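Shown below: coords.txt, with compact mmCIF, C-alpha atoms.
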```txt
# COMPACT_ATOMS: atom_id res chain seq x y z
CA MET A 10 -11.10 -6.10 34.20
CA THR A 11 -12.42 -4.98 30.89
CA THR A 12 -15.95 -5.44 29.68
CA GLN A 13 -16.70 -7.81 26.86
CA PHE A 14 -18.82 -6.44 24.05
CA SER A 15 -20.42 -7.54 20.88
CA ASP A 16 -18.57 -6.84 17.68
CA THR A 17 -21.05 -7.88 15.07
CA ARG A 18 -21.84 -5.36 12.39
CA GLY A 19 -25.50 -5.23 13.25
CA ASP A 20 -25.05 -4.87 16.98
CA ARG A 21 -22.41 -2.28 17.57
CA PRO A 22 -22.58 0.04 20.52
CA SER A 23 -23.23 3.68 19.72
CA ARG A 24 -20.28 5.65 18.46
CA THR A 25 -19.88 7.55 21.70
CA ALA A 26 -20.03 4.43 23.83
CA GLN A 27 -17.66 2.70 21.45
CA ALA A 28 -15.23 5.62 21.60
CA ARG A 29 -15.33 5.50 25.41
CA GLU A 30 -14.65 1.78 25.45
CA ASP A 31 -11.84 2.21 22.94
CA ALA A 32 -10.28 4.95 25.06
CA ARG A 33 -10.41 2.75 28.12
CA LEU A 34 -8.92 -0.21 26.29
CA VAL A 35 -6.14 1.99 24.97
CA GLU A 36 -5.36 3.29 28.44
CA GLU A 37 -5.37 -0.23 29.89
CA THR A 38 -3.12 -1.43 27.08
CA LEU A 39 -0.68 1.37 27.77
CA ALA A 40 -0.74 0.33 31.43
CA GLY A 41 0.41 -3.11 30.37
CA ASN A 42 -2.81 -5.06 30.04
CA GLN A 43 -2.38 -7.52 27.19
CA LEU A 44 -6.00 -8.66 27.26
CA SER A 45 -7.22 -5.10 26.63
CA PHE A 46 -5.15 -4.92 23.49
CA GLN A 47 -6.48 -8.32 22.46
CA LEU A 48 -10.02 -6.93 22.82
CA LEU A 49 -9.14 -3.97 20.61
CA VAL A 50 -7.79 -6.36 17.98
CA GLU A 51 -10.90 -8.52 18.22
CA ARG A 52 -13.12 -5.51 17.85
CA TYR A 53 -11.66 -4.24 14.59
CA SER A 54 -9.93 -7.16 12.93
CA ASP A 55 -12.97 -8.25 10.89
CA ARG A 56 -13.32 -4.83 9.27
CA LEU A 57 -9.62 -4.57 8.60
CA PHE A 58 -9.56 -8.05 7.07
CA ALA A 59 -12.44 -6.94 4.83
CA LEU A 60 -10.59 -3.76 3.88
CA THR A 61 -7.36 -5.58 3.06
CA ARG A 62 -9.20 -8.18 1.02
CA HIS A 63 -9.84 -5.50 -1.61
CA TYR A 64 -6.10 -5.34 -2.26
CA THR A 65 -5.04 -8.96 -2.04
CA LYS A 66 -6.97 -12.19 -2.14
CA ASN A 67 -4.22 -14.22 -0.54
CA PRO A 68 -5.43 -15.14 3.00
CA VAL A 69 -1.88 -15.29 4.32
CA GLU A 70 -1.08 -11.83 2.95
CA ILE A 71 -4.32 -10.44 4.38
CA GLU A 72 -3.48 -11.80 7.81
CA ASP A 73 0.10 -10.51 7.58
CA VAL A 74 -1.02 -7.01 6.64
CA VAL A 75 -3.62 -6.76 9.41
CA GLN A 76 -1.24 -8.21 11.98
CA GLU A 77 1.50 -5.80 10.93
CA SER A 78 -0.95 -2.92 11.22
CA PHE A 79 -1.95 -3.83 14.77
CA LEU A 80 1.67 -4.28 15.81
CA LYS A 81 2.52 -0.86 14.40
CA ALA A 82 -0.47 0.59 16.22
CA PHE A 83 0.67 -0.99 19.47
CA ARG A 84 4.13 0.47 19.08
CA ARG A 85 2.71 3.94 18.48
CA LEU A 86 -0.17 3.68 20.91
CA ASP A 87 1.17 6.42 23.15
CA SER A 88 0.89 8.82 20.21
CA PHE A 89 -2.84 8.15 19.86
CA HIS A 90 -4.48 11.15 21.49
CA HIS A 91 -8.12 10.39 20.74
CA GLN A 92 -8.37 13.27 18.27
CA SER A 93 -9.94 10.80 15.88
CA SER A 94 -11.69 7.55 16.67
CA PHE A 95 -9.50 4.54 17.29
CA TYR A 96 -11.00 2.91 14.22
CA THR A 97 -10.10 5.87 12.00
CA TRP A 98 -6.60 5.74 13.45
CA ILE A 99 -6.08 2.00 12.93
CA TYR A 100 -7.79 2.24 9.53
CA ARG A 101 -5.24 4.87 8.50
CA ILE A 102 -2.35 2.71 9.72
CA THR A 103 -3.77 -0.27 7.85
CA THR A 104 -4.22 1.75 4.65
CA ASN A 105 -0.58 2.85 4.82
CA THR A 106 0.53 -0.71 5.55
CA ILE A 107 -1.42 -1.89 2.52
CA LEU A 108 0.20 0.75 0.33
CA ASP A 109 3.65 -0.28 1.61
CA PHE A 110 2.76 -3.89 0.96
CA LEU A 111 1.71 -3.08 -2.62
CA LYS A 112 5.00 -1.26 -3.20
CA ARG A 113 7.02 -4.17 -1.85
CA ARG A 114 5.12 -6.73 -3.85
CA GLY A 115 4.82 -4.72 -7.03
CA ARG A 116 1.54 -4.21 -8.75
CA SER A 117 0.74 -7.76 -9.61
CA PRO A 118 -2.90 -8.29 -10.49
CA ILE A 119 -5.24 -9.37 -7.79
CA GLN A 120 -6.14 -13.01 -7.74
CA VAL A 121 -9.78 -13.47 -6.97
CA VAL A 122 -10.53 -16.46 -4.83
CA GLU A 123 -13.61 -18.56 -5.10
CA ASP A 124 -16.46 -17.04 -3.19
CA PRO A 125 -18.96 -19.64 -2.11
CA GLU A 126 -21.56 -17.14 -1.03
CA VAL A 127 -23.98 -16.25 -3.77
CA LEU A 128 -25.99 -13.13 -3.31
CA ALA A 129 -28.71 -11.65 -5.46
CA ARG A 130 -27.63 -10.30 -8.80
CA PRO A 131 -27.93 -6.58 -9.29
CA GLU A 132 -30.81 -5.27 -11.28
CA PRO A 133 -30.12 -4.81 -14.98
CA THR A 134 -29.43 -1.21 -15.81
CA ASP A 135 -28.37 1.01 -18.62
CA GLY A 136 -25.05 2.80 -18.64
CA PHE A 137 -21.91 1.25 -17.14
CA GLY A 138 -23.58 -1.18 -14.81
CA PRO A 139 -22.84 -4.88 -14.93
CA ALA A 140 -25.00 -6.91 -17.25
CA ALA A 141 -27.81 -8.78 -15.60
CA LYS A 142 -26.51 -12.14 -16.69
CA LEU A 143 -23.29 -11.69 -14.73
CA GLU A 144 -23.02 -13.68 -11.56
CA ARG A 145 -22.00 -11.88 -8.45
CA GLU A 146 -18.63 -13.64 -8.44
CA GLU A 147 -17.99 -12.41 -11.95
CA ILE A 148 -18.82 -8.85 -10.97
CA VAL A 149 -16.44 -9.06 -8.01
CA GLU A 150 -13.71 -10.48 -10.23
CA VAL A 151 -14.09 -7.83 -12.93
CA THR A 152 -14.27 -5.01 -10.39
CA HIS A 153 -11.17 -6.11 -8.55
CA LYS A 154 -9.21 -6.61 -11.73
CA VAL A 155 -10.10 -3.11 -12.90
CA LEU A 156 -9.33 -1.66 -9.47
CA ALA A 157 -5.93 -3.35 -9.48
CA GLU A 158 -5.07 -1.45 -12.65
CA LEU A 159 -5.72 1.95 -11.09
CA PRO A 160 -3.07 4.05 -9.37
CA ASP A 161 -3.14 3.59 -5.60
CA ILE A 162 -4.46 7.09 -4.88
CA PHE A 163 -7.60 6.32 -6.89
CA ARG A 164 -7.92 2.76 -5.74
CA THR A 165 -7.85 3.69 -2.05
CA VAL A 166 -10.60 6.32 -2.27
CA LEU A 167 -12.82 4.00 -4.31
CA VAL A 168 -12.41 1.16 -1.83
CA MET A 169 -13.08 3.45 1.11
CA ARG A 170 -16.15 5.00 -0.48
CA GLU A 171 -17.72 2.20 -2.49
CA PHE A 172 -17.00 -0.81 -0.34
CA ASP A 173 -16.52 0.64 3.13
CA GLU A 174 -19.05 3.45 2.63
CA ARG A 175 -16.82 5.91 4.45
CA SER A 176 -17.95 9.52 4.44
CA TYR A 177 -15.88 12.13 2.66
CA GLN A 178 -14.83 13.49 6.06
CA GLU A 179 -13.63 10.06 7.18
CA ILE A 180 -11.71 9.54 3.96
CA ALA A 181 -10.16 12.97 4.38
CA ASP A 182 -9.15 12.11 7.96
CA VAL A 183 -7.62 8.79 7.00
CA LEU A 184 -5.67 10.12 4.02
CA GLY A 185 -4.83 13.49 5.56
CA ILE A 186 -6.36 15.47 2.71
CA SER A 187 -9.16 18.03 2.43
CA ILE A 188 -12.77 17.16 1.68
CA GLY A 189 -12.48 19.06 -1.59
CA THR A 190 -9.56 16.86 -2.57
CA VAL A 191 -11.56 13.76 -1.65
CA GLU A 192 -14.39 14.94 -3.88
CA SER A 193 -12.19 15.67 -6.89
CA ARG A 194 -10.10 12.53 -6.40
CA LEU A 195 -13.22 10.38 -6.24
CA PHE A 196 -14.54 12.03 -9.37
CA ARG A 197 -11.32 11.25 -11.24
CA ALA A 198 -11.13 7.76 -9.72
CA ARG A 199 -14.60 6.90 -10.97
CA ALA A 200 -13.79 8.24 -14.41
CA ARG A 201 -10.59 6.17 -14.49
CA PHE A 202 -12.50 3.11 -13.33
CA ARG A 203 -15.06 3.60 -16.10
CA ASP A 204 -12.38 4.15 -18.76
CA ARG A 205 -10.43 1.10 -17.67
CA LEU A 206 -13.57 -1.01 -17.54
CA ILE A 207 -14.51 -0.03 -21.08
CA LYS A 208 -10.99 -0.65 -22.31
CA ASP A 209 -10.57 -4.05 -20.68
CA TYR A 210 -14.17 -5.15 -21.01
CA PRO A 211 -15.70 -3.36 -24.01
CA GLU A 212 -18.67 -5.68 -23.84
CA PHE A 213 -19.83 -3.75 -20.76
CA SER A 214 -19.79 -0.33 -22.39
CA PRO A 215 -23.22 1.18 -23.05
CA GLY A 216 -23.05 0.30 -26.73
CA GLY A 217 -21.19 -2.97 -26.22
CA ASP A 218 -22.47 -6.45 -26.83
CA ASP A 219 -23.55 -8.57 -23.95
CA MET B 29 -27.76 23.70 -24.23
CA ASN B 30 -30.76 23.22 -22.04
CA ASN B 31 -29.29 24.73 -18.95
CA PRO B 32 -31.82 25.96 -16.48
CA ILE B 33 -31.38 28.55 -13.81
CA ASP B 34 -27.88 28.93 -12.38
CA PHE B 35 -26.04 25.82 -13.52
CA THR B 36 -24.56 24.91 -16.84
CA CYS B 37 -24.11 21.23 -17.65
CA ALA B 38 -20.34 21.65 -17.35
CA GLU B 39 -20.78 22.99 -13.84
CA ALA B 40 -23.37 20.45 -12.85
CA ARG B 41 -21.78 17.20 -13.92
CA PRO B 42 -18.74 17.20 -11.62
CA LEU B 43 -21.12 17.57 -8.70
CA VAL B 44 -23.25 14.57 -9.58
CA PRO B 45 -21.13 11.87 -7.85
CA ALA B 46 -21.00 13.82 -4.59
CA TYR B 47 -24.73 14.44 -4.91
CA LEU B 48 -25.37 10.72 -5.28
CA ASP B 49 -23.06 10.09 -2.32
CA GLY B 50 -25.21 12.44 -0.22
CA GLU B 51 -22.13 14.56 0.40
CA LEU B 52 -23.21 17.76 -1.33
CA SER B 53 -24.15 20.65 0.90
CA ALA B 54 -27.70 21.96 0.60
CA ASP B 55 -26.66 25.17 -1.12
CA ARG B 56 -24.96 23.15 -3.87
CA ALA B 57 -27.43 20.27 -3.99
CA SER B 58 -30.51 22.44 -4.46
CA PRO B 59 -29.56 24.11 -7.77
CA LEU B 60 -28.13 20.82 -9.03
CA ARG B 61 -31.40 19.06 -8.29
CA GLN B 62 -33.24 21.79 -10.16
CA HIS B 63 -30.85 21.42 -13.08
CA LEU B 64 -31.30 17.65 -13.21
CA MET B 65 -35.06 18.02 -13.28
CA GLU B 66 -34.81 20.12 -16.38
CA CYS B 67 -31.82 18.65 -18.21
CA ALA B 68 -32.30 15.25 -19.82
CA ASP B 69 -28.63 14.92 -20.79
CA CYS B 70 -27.47 15.37 -17.23
CA ARG B 71 -30.12 12.98 -15.98
CA THR B 72 -28.71 10.38 -18.36
CA GLN B 73 -25.24 11.07 -17.00
CA THR B 74 -26.55 10.69 -13.49
CA GLN B 75 -28.08 7.34 -14.35
CA ALA B 76 -24.73 6.22 -15.76
CA HIS B 77 -23.04 7.16 -12.48
CA LYS B 78 -25.64 5.22 -10.53
CA ALA B 79 -25.25 2.20 -12.80
CA GLN B 80 -21.48 2.24 -12.42
CA ARG B 81 -21.84 1.85 -8.68
CA GLN B 82 -23.39 -1.54 -9.15
CA TRP B 83 -19.93 -2.86 -9.93
CA PHE B 84 -19.10 -2.39 -6.27
CA VAL B 85 -21.20 -5.13 -4.81
CA PRO B 86 -20.93 -5.86 -1.12
CA THR B 87 -18.56 -8.69 -0.47
CA PRO B 88 -19.12 -11.28 2.23
CA ASP B 89 -17.37 -10.83 5.54
CA VAL B 90 -13.91 -12.26 5.75
CA SER B 91 -13.46 -14.84 8.44
CA VAL B 92 -10.74 -13.87 10.85
CA PRO B 93 -8.59 -16.89 11.74
CA ALA B 94 -9.23 -18.37 15.15
CA GLY B 95 -6.90 -17.03 17.82
CA PHE B 96 -5.75 -14.13 15.65
CA ALA B 97 -6.33 -11.45 18.29
CA SER B 98 -4.59 -13.34 21.08
CA ARG B 99 -1.63 -14.10 18.79
CA VAL B 100 -1.27 -10.46 17.80
CA ALA B 101 -1.58 -9.24 21.38
CA ARG B 102 1.02 -11.76 22.56
CA ARG B 103 3.44 -10.77 19.82
CA ALA B 104 2.91 -7.08 20.57
CA PHE B 105 3.75 -7.57 24.24
CA GLN B 106 6.75 -9.68 23.32
CA GLY B 107 8.18 -6.66 21.52
CA ASP B 108 7.43 -7.60 17.94
CA THR B 109 7.69 -4.35 16.01
CA GLY B 110 5.54 -5.36 13.10
CA GLU B 111 8.23 -4.53 10.61
CA THR B 112 8.21 -6.98 7.76
CA PRO B 113 11.56 -8.69 7.34
CA VAL B 114 12.95 -8.90 3.86
CA SER B 115 12.11 -12.44 2.90
CA THR B 116 13.70 -14.52 0.21
CA GLU B 117 10.36 -14.34 -1.56
CA THR B 118 10.73 -10.56 -1.67
CA LEU B 119 14.25 -10.90 -3.03
CA ALA B 120 13.30 -13.55 -5.55
CA PRO B 121 12.52 -11.16 -8.43
CA VAL B 122 15.88 -9.35 -8.11
CA LEU B 123 18.03 -12.31 -7.14
CA PRO B 124 19.08 -13.28 -10.70
CA PHE B 125 19.99 -9.65 -11.39
CA LEU B 126 22.09 -9.47 -8.21
CA LEU B 127 23.93 -12.68 -9.11
CA GLN B 128 24.66 -11.43 -12.61
CA MET B 129 25.97 -8.13 -11.27
CA THR B 130 28.18 -9.94 -8.76
CA ALA B 131 29.62 -12.14 -11.51
CA ALA B 132 30.24 -9.10 -13.71
CA ALA B 133 31.99 -7.29 -10.85
CA ALA B 134 34.20 -10.34 -10.21
CA CYS B 135 35.22 -10.48 -13.90
CA LEU B 136 35.98 -6.77 -13.90
CA LEU B 137 38.18 -7.12 -10.81
CA LEU B 138 40.05 -9.99 -12.42
CA VAL B 139 40.75 -7.97 -15.55
CA LEU B 140 41.79 -4.92 -13.54
CA SER B 141 44.17 -6.92 -11.37
CA GLY B 142 45.77 -8.31 -14.50
CA VAL B 143 46.19 -4.85 -15.95
CA MET B 144 47.66 -3.50 -12.69
CA ARG B 145 50.15 -6.34 -12.49
CA ALA B 146 51.23 -5.73 -16.05
CA VAL B 147 51.77 -2.04 -15.29
CA ASP B 148 53.56 -2.41 -11.93
CA VAL B 149 55.89 -5.33 -12.63
CA PRO B 150 59.37 -3.94 -13.42
CA THR B 151 60.64 -4.78 -16.82
CA GLY B 152 63.94 -6.52 -17.45
CA GLY B 153 65.68 -3.19 -18.01
CA GLU B 154 64.55 -1.87 -14.63
CA LEU B 155 65.41 -4.87 -12.55
CA ARG B 156 68.66 -6.70 -13.04
CA ALA B 157 69.78 -9.21 -10.46
CA ASP B 158 73.33 -9.19 -11.76
CA ASP B 159 73.67 -5.54 -10.58
CA ALA B 160 73.57 -6.75 -6.99
CA ALA B 161 76.14 -9.43 -7.70
CA THR B 162 78.71 -6.98 -9.04
CA MET B 163 78.07 -4.28 -6.42
CA THR B 164 80.71 -3.73 -3.76
CA LEU B 165 79.76 -3.60 -0.10
CA GLU B 166 80.33 0.14 0.09
CA GLU B 167 78.16 0.76 -2.94
CA ALA B 168 75.48 -1.35 -1.43
CA LEU B 169 75.63 0.57 1.84
CA ASP B 170 75.46 3.86 -0.03
CA ARG B 171 72.38 2.65 -1.84
CA LEU B 172 70.82 1.55 1.43
CA GLU B 173 71.57 4.89 3.10
CA ALA B 174 69.97 6.68 0.21
CA LEU B 175 66.88 4.50 0.56
CA ASP B 176 66.79 4.76 4.34
CA GLY B 177 66.66 8.52 4.47
CA GLU B 178 68.53 10.89 6.72
CA ASP B 179 68.70 8.66 9.80
CA GLY B 180 70.36 5.85 7.98
CA LEU B 181 69.31 3.42 10.67
CA LEU B 182 69.35 0.45 8.39
CA ALA B 183 72.83 1.25 7.13
CA GLU B 184 74.08 1.69 10.68
CA GLY B 185 72.72 -1.66 11.65
CA LEU B 186 74.46 -3.29 8.72
CA ASN B 187 77.75 -1.55 9.53
CA ARG B 188 77.71 -3.05 12.97
```
So that I can check it, write out the structure of this file as structure tokens.
Amino acid sequence: MTTQFSDTRGDRPSRTAQAREDARLVEETLAGNQLSFQLLVERYSDRLFALTRHYTKNPVEIEDVVQESFLKAFRRLDSFHHQSSFYTWIYRITTNTILDFLKRRGRSPIQVVEDPEVLARPEPTDGFGPAAKLEREEIVEVTHKVLAELPDIFRTVLVMREFDERSYQEIADVLGISIGTVESRLFRARARFRDRLIKDYPEFSPGGDD
Amino acid sequence: MNNPIDFTCAEARPLVPAYLDGELSADRASPLRQHLMECADCRTQTQAHKAQRQWFVPTPDVSVPAGFASRVARRAFQGDTGETPVSTETLAPVLPFLLQMTAAAACLLLVLSGVMRAVDVPTGGELRADDAATMTLEEALDRLEALDGEDGLLAEGLNR
């Protein structure tokens, strides 16, 4: 039967080993092994929950979107030919599911849930950075509200780059666009984010009051 | 403009975000770096880009509900397609509009049926029951033959 493995962020197997395990789990799933598919879901669900959380704060909606993504992946599993990593493939499916979900729901603003975890505040800076007095929860709330106002094509690249720290190549693979397009789209997305931030929260502009 | 070497500020600034992302190739990063060392305005811009990134603070991991993976795997093997059904919640925003349109269509049909009846109903001059009362049998048969076409089946049946 399949091998169990750790799925914590700090203790992932190397990419090559992970790709091999993914390939084996995919093959076993296609052969009818339900547990192998369960292991694939276990391996990536935490990252996909984290990704989806940037688009909706409703736990039920997050779960629905991730579940729908895995079910779509299962249905199309025979079309996965290992040309990209399984994670890139399921990440792409999830991104598309999120975009469909946003279309169905309409662009209602994100509701930020209470976040009990308090991390260190960012260092005070000049420019468009958050003011030092802002709590981390406030930064998250402002950021997500501004993101929710952006067109989806800008929002997706910002989430992938700024939160998920995906490389330009990975973003290009997921969205099916060139690296040059990723670069220019990110540039415009950041400019739009800055403009929207200044418009909605003028107190955070360089010359604004704290 | 204090533009050193190969780059102008206008050329340099679009490259700054990719440079900060570590995604700029060496042949593009090197002249940009040189430009930034010598151009205070662009350094300020670069600082602004760096500061903006602090809005994207890492968020805590989301807890995946217990049993999620086994539930998804079971549903997948049971043939669940993952297509989201159209729920009443999804329809809720358009439901009042649909009801109003249905009511409007019903009213329109009612009015139209009234108009059609008014147009199709023969007037008194076109339909006179006393015509039939004064008609002889032969006249009636002639009328029936005319209505029944060439075969005159109905008239034959009556003649018998």
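Here the question is which of A:Asp73, A:Glu36, A:Asp55, A:Asp31 gets nearest to B:Arg99 using all atoms listed in the file, and that residue is A:Asp73.
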Chain A residues near chain B (8 Å cut-off, all atoms listed in the file) as a ChimeraX atom specification: /A:43-44,46-48,50-51,54-55,58-59,62,76-81,83-84,113-114,126,131,134-139,145,148-149,152,171-172,176-177,192,196,203
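Taking atom CA of A:Leu111 and atom CA of A:Asp182 as the two end points, the separation is 21.5 Å.
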Give me, please, the distance in Å between atom CA of B:Ser53 and atom CA of A:Leu156, quoted to one decimal.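 It comes out at 28.7 Å.
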Pick from B:Ala134, B:Ala94, B:Leu126, B:Ala40: nearest to B:Met65, with only C-alpha atoms counted?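 Ranking B:Ala134, B:Ala94, B:Leu126, B:Ala40 by distance to B:Met65, first place goes to B:Ala40.
The spacing separating atom CA of A:Asn67 from atom CA of A:Gly115 amounts to 14.6 Å.
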With all atoms listed in the file as the basis for distance, which of A:Ala181, A:Val151, A:Ala198, A:Ser94 is at the shortest distance from A:Phe163? A:Ala198
I'd like the neighbourhood of A:Glu158 as a list of chain:residue names, where a residue qualifies if any of its atoms comes within 12 Å (using only C-alpha atoms), though same-chain residues fewer than 3 positions away should be ignored.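 Here the answer would be A:Tyr64, A:Gly115, A:Arg116, A:Ser117, A:Pro118, A:Ile119, A:Val151, A:Thr152, A:His153, A:Lys154, A:Val155, A:Asp161, A:Ile162, A:Phe163, A:Arg164, A:Ala198, A:Arg201, A:Phe202, A:Arg203, A:Asp204, A:Arg205, A:Leu206, A:Lys208, A:Asp209.
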Put those residues in a file: C-alpha atoms, as a PDB file, in the coordinates of the input.
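Once everything was written out, this is selection-v9.pdb:
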```pdb
ATOM      1  CA  TYR A  64      -6.100  -5.340  -2.260  1.00  0.00           C
ATOM      2  CA  GLY A 115       4.820  -4.720  -7.030  1.00  0.00           C
ATOM      3  CA  ARG A 116       1.540  -4.210  -8.750  1.00  0.00           C
ATOM      4  CA  SER A 117       0.740  -7.760  -9.610  1.00  0.00           C
ATOM      5  CA  PRO A 118      -2.900  -8.290 -10.490  1.00  0.00           C
ATOM      6  CA  ILE A 119      -5.240  -9.370  -7.790  1.00  0.00           C
ATOM      7  CA  VAL A 151     -14.090  -7.830 -12.930  1.00  0.00           C
ATOM      8  CA  THR A 152     -14.270  -5.010 -10.390  1.00  0.00           C
ATOM      9  CA  HIS A 153     -11.170  -6.110  -8.550  1.00  0.00           C
ATOM     10  CA  LYS A 154      -9.210  -6.610 -11.730  1.00  0.00           C
ATOM     11  CA  VAL A 155     -10.100  -3.110 -12.900  1.00  0.00           C
ATOM     12  CA  ASP A 161      -3.140   3.590  -5.600  1.00  0.00           C
ATOM     13  CA  ILE A 162      -4.460   7.090  -4.880  1.00  0.00           C
ATOM     14  CA  PHE A 163      -7.600   6.320  -6.890  1.00  0.00           C
ATOM     15  CA  ARG A 164      -7.920   2.760  -5.740  1.00  0.00           C
ATOM     16  CA  ALA A 198     -11.130   7.760  -9.720  1.00  0.00           C
ATOM     17  CA  ARG A 201     -10.590   6.170 -14.490  1.00  0.00           C
ATOM     18  CA  PHE A 202     -12.500   3.110 -13.330  1.00  0.00           C
ATOM     19  CA  ARG A 203     -15.060   3.600 -16.100  1.00  0.00           C
ATOM     20  CA  ASP A 204     -12.380   4.150 -18.760  1.00  0.00           C
ATOM     21  CA  ARG A 205     -10.430   1.100 -17.670  1.00  0.00           C
ATOM     22  CA  LEU A 206     -13.570  -1.010 -17.540  1.00  0.00           C
ATOM     23  CA  LYS A 208     -10.990  -0.650 -22.310  1.00  0.00           C
ATOM     24  CA  ASP A 209     -10.570  -4.050 -20.680  1.00  0.00           C
TER      25      ASP A 209
END
```
Counting all atoms listed in the file, the residue among A:Ile188, A:Val69, A:Leu143, A:Ala40 that lies closest to A:Glu212 is A:Leu143
